[in-house]
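Novice: Sending over a structure as structure tokens; questions will come in a sec.
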Amino acid sequence: MVGRAPASSTFTRRQTLALAAGLALSPDFVAAGESAEPTTLLVTHASGVAHEVGAGRPDQPQRLRAIASALNSDAFAALRRAEAPQASREAILAVHAPSLLERLEKAAPQSGLATLGPDIVMSPGSLEAGLHAAGAASFAVDEVMRKAARNAFVAMRPPGHHATREAAMGFCFFNNAAIAARHAIAAHGAERVAIVDFDVHHGNGLQEIFWSDRHILYCSSHQSPHYPFTGAASERGAHDNIVNAPLAKGSGGEQFSQAWTQAILPRLDDFAPDILLICAGFDGHLHDPLGGLRLQKQDFAELTLRLAEIAARRCDGRIVSLLEGGYRPDDLAACVAAHVGALMGA
């Protein structure tokens, strides 16, 4: 079993929440970030921007450009940065049916756009982006498990948590978090992997893939009823390893915090994972066009800090966070900055 040890800090809790609130940071805060040993890894790849989906669709390349701009500020000088490799065929097939990979390979266009259903669009760069997104997740696990980074944030698209074993859906080609979880077990001997998900949409793909896997705990808060219309509290998995905390449309920070405090965080703490994966979807923000929740960047920062506290206690702070939703670029970038600031303070 992977060992556990207490965590150390770079950003203080006060400074992290100040960053999330958009308050000015003191000079000593920036200096500390510049001089400290990098502990948080940012993984991305240019292919994420080359994945074109056509005008008018929500998952635009500008999402990653806005995140890159936000994380290039002085406050994030201490981030260690790495390019994402492509996932191997074996890593994809550890989670997905061969038919899914074959379908995407055959559909990838040489020019223009190919539509594989109402919410999957491919351009000439899309398959490469999908492979790099999945590869980024496994690479981040490698770096965190071998202590080259304390924790990691993966800024890639397409996202992943809707992809089922056999189907791409909901803008998702491959289930990046599922691939990362399987990799942590196969390559690093993890016995228990926890995946927590605060996207406004339920991660139906993760629930399906891990429904009968006692080694995986999947926990999600999400708006309900809402796409993909799964994730009822009664859906608990074959081994009571699924925790769903549905939120009504219009729910804000208070209801969000209550759902996590009462339904999810105690289960996560009791599960005592060897590594914690986060499906970091920011489409619960009050201005997001695809959601109906009323969360703000401070809500995401506060939850990240609470997750980091459990990770410090249970798994030596090992966290890999993967970008999911968030479809208003400026708001997405601000929320990601708050989230990554909290990871840097873990």
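Residues in the structure tokens are numbered from 1 in each chain, the chains being A, B, ... in the order shown, and ligands are numbered from 1 in the order shown.
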Taking the DSSP secondary structure from the backbone, can you list the residues of stretch 6-182 of chain A that are strand (DSSP E or B), as a list in words?
Specialist: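 Residues meeting the strand (DSSP E or B) criterion: Thr40, Leu41, Leu42, Val43, Thr44, Arg80, Arg81, Ala82, Glu83, Ala114, Thr115, Val121, Met122, Asn151, Ala152, Phe153, Val154, Met169 and Cys172 of chain A.
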Novice: List as a list in words the protein and nucleic acid residues near A:Arg182, meaning an atom at most 9 Å away when only C-alpha atoms are counted, but skip any in the same chain fewer than 2 places from it.
Specialist: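 The neighbour list is Ala91, Ala94, Val95, Ser138, Ala177, Ala178, Ile179, Ala180, Ala184, Ile185, Ala186, Ala187 and Val193 of chain A.
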Novice: Output N, CA, C and O atoms for every residue in that selection, as an mmCIF file, in the first residue's frame.
Specialist:
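After the write, out.cif holds the following:
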data_model
loop_
_atom_site.group_PDB
_atom_site.id
_atom_site.type_symbol
_atom_site.label_atom_id
_atom_site.label_comp_id
_atom_site.auth_asym_id
_atom_site.auth_seq_id
_atom_site.Cartn_x
_atom_site.Cartn_y
_atom_site.Cartn_z
ATOM 1 N N ALA A 91 -3.528 1.965 -22.580
ATOM 2 C CA ALA A 91 -4.175 2.751 -21.525
ATOM 3 C C ALA A 91 -5.632 3.037 -21.868
ATOM 4 O O ALA A 91 -6.507 2.968 -20.999
ATOM 5 N N ALA A 94 -7.718 -0.126 -21.475
ATOM 6 C CA ALA A 94 -7.921 -0.569 -20.090
ATOM 7 C C ALA A 94 -9.252 -0.080 -19.541
ATOM 8 O O ALA A 94 -9.751 -0.595 -18.534
ATOM 9 N N VAL A 95 -9.847 0.901 -20.218
ATOM 10 C CA VAL A 95 -11.117 1.488 -19.781
ATOM 11 C C VAL A 95 -12.205 1.322 -20.835
ATOM 12 O O VAL A 95 -13.361 1.035 -20.511
ATOM 13 N N SER A 138 -2.785 10.413 -17.079
ATOM 14 C CA SER A 138 -1.897 9.353 -16.588
ATOM 15 C C SER A 138 -0.519 9.903 -16.241
ATOM 16 O O SER A 138 0.093 9.492 -15.240
ATOM 17 N N ALA A 177 -10.416 10.689 -16.428
ATOM 18 C CA ALA A 177 -10.306 10.344 -15.012
ATOM 19 C C ALA A 177 -10.309 8.832 -14.815
ATOM 20 O O ALA A 177 -9.576 8.304 -13.965
ATOM 21 N N ALA A 178 -11.119 8.116 -15.583
ATOM 22 C CA ALA A 178 -11.149 6.659 -15.472
ATOM 23 C C ALA A 178 -9.819 6.055 -15.906
ATOM 24 O O ALA A 178 -9.300 5.122 -15.279
ATOM 25 N N ILE A 179 -9.246 6.591 -16.981
ATOM 26 C CA ILE A 179 -7.947 6.113 -17.452
ATOM 27 C C ILE A 179 -6.881 6.386 -16.399
ATOM 28 O O ILE A 179 -6.027 5.533 -16.114
ATOM 29 N N ALA A 180 -6.918 7.554 -15.771
ATOM 30 C CA ALA A 180 -5.959 7.884 -14.712
ATOM 31 C C ALA A 180 -6.111 6.953 -13.521
ATOM 32 O O ALA A 180 -5.118 6.514 -12.921
ATOM 33 N N ALA A 184 -3.281 4.426 -12.035
ATOM 34 C CA ALA A 184 -2.759 4.496 -10.664
ATOM 35 C C ALA A 184 -2.708 3.111 -10.034
ATOM 36 O O ALA A 184 -1.774 2.773 -9.295
ATOM 37 N N ILE A 185 -3.696 2.293 -10.330
ATOM 38 C CA ILE A 185 -3.742 0.937 -9.780
ATOM 39 C C ILE A 185 -2.729 0.029 -10.476
ATOM 40 O O ILE A 185 -1.939 -0.667 -9.828
ATOM 41 N N ALA A 186 -2.724 0.066 -11.816
ATOM 42 C CA ALA A 186 -1.880 -0.864 -12.569
ATOM 43 C C ALA A 186 -0.400 -0.513 -12.483
ATOM 44 O O ALA A 186 0.449 -1.399 -12.359
ATOM 45 N N ALA A 187 -0.068 0.771 -12.551
ATOM 46 C CA ALA A 187 1.331 1.179 -12.623
ATOM 47 C C ALA A 187 1.950 1.508 -11.275
ATOM 48 O O ALA A 187 3.171 1.440 -11.129
ATOM 49 N N VAL A 193 -8.655 4.234 -5.109
ATOM 50 C CA VAL A 193 -8.612 5.517 -5.811
ATOM 51 C C VAL A 193 -9.965 6.187 -5.641
ATOM 52 O O VAL A 193 -11.006 5.578 -5.899
#
Novice: Run DSSP on the backbone and give me the residues of stretch 189-233 of chain A it puts in helix (DSSP H, G or I), as a PyMOL selection string.
Specialist: chain A and resi 204-210
Novice: At what distance in Å, to one decimal, does atom CA of A:Ala149 lie from atom CA of A:Ala134?
Specialist: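 Atom-to-atom, atom CA of A:Ala134 to atom CA of A:Ala149, that is 18.6 Å.
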Novice: What's the 12 Å shell around stretch 235-241 of chain A, counting only C-alpha atoms, without same-chain residues fewer than 6 positions away, as a list in words?
Specialist: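 Residues meeting the cut-off are Arg192, Val193, Ala194, Ile195, Val196, His202, Asn204, Leu206, Gln207, Glu208, Ile209, Phe210, Trp211, Ser212, Asp213, Arg214, His215, Ile216, Leu217, Tyr218, Cys219, Ser220, Phe229, Ile264, Arg267, Leu268, Asp270 and Phe271 of chain A.
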Novice: Rank nothing, just name the residue among A:Ala50, A:Val43, A:Leu276, A:Leu64 nearest to A:Arg328, using only C-alpha atoms.
Specialist: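 Distance minimum relative to A:Arg328 lands on A:Leu64.
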Novice: Please list as a CSV table (one decimal) with C-alpha atoms, in the first residue's frame every residue within 10 Å of A:Gly281, counting only C-alpha atoms and excluding residues in the same chain fewer than 6 positions away.
Specialist:
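File result.csv, as written:
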chain,number,residue,atom,x,y,z
A,159,PRO,CA,-13.1,16.7,-21.2
A,161,HIS,CA,-16.3,12.3,-17.4
A,197,ASP,CA,-16.6,15.5,-9.3
A,198,PHE,CA,-18.1,19.0,-8.9
A,199,ASP,CA,-19.1,19.6,-12.5
A,200,VAL,CA,-22.6,20.9,-12.9
A,201,HIS,CA,-23.3,17.7,-14.9
A,222,HIS,CA,-24.4,18.1,-9.8
A,300,PHE,CA,-14.5,26.2,-5.7
A,321,SER,CA,-7.2,17.5,-10.9
A,322,LEU,CA,-8.6,17.3,-14.4
A,323,LEU,CA,-10.4,20.1,-16.2
A,324,GLU,CA,-14.0,19.2,-17.2
A,325,GLY,CA,-16.7,21.9,-17.9
A,326,GLY,CA,-16.9,25.6,-17.7
A,327,TYR,CA,-18.0,27.4,-20.8
A,332,LEU,CA,-13.7,29.7,-16.2
A,335,CYS,CA,-12.3,29.8,-11.2
A,336,VAL,CA,-9.4,27.7,-12.4
Novice: To one decimal place, how far is atom CA of A:Val49 from atom CA of A:Ala308 in Å?
Specialist: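 Spanning atom CA of A:Val49 to atom CA of A:Ala308 is a straight-line distance of 29.3 Å.
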Novice: So the first atom is atom CA of A:Leu42 and the second is atom CA of A:Gly170; what is the distance between them in Å, to one decimal place?
Specialist: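 Here the two named atoms are 24.5 Å from each other.
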Novice: Within 12 Å of A:Arg306, counting only C-alpha atoms, which residues show up once you throw out same-chain ones fewer than 6 positions away? Write them as a PyMOL selection string, please.
Specialist: chain A and resi 13+257+260-261+264-266+268-269+299-300+312-313+317+339+342-343+345-346
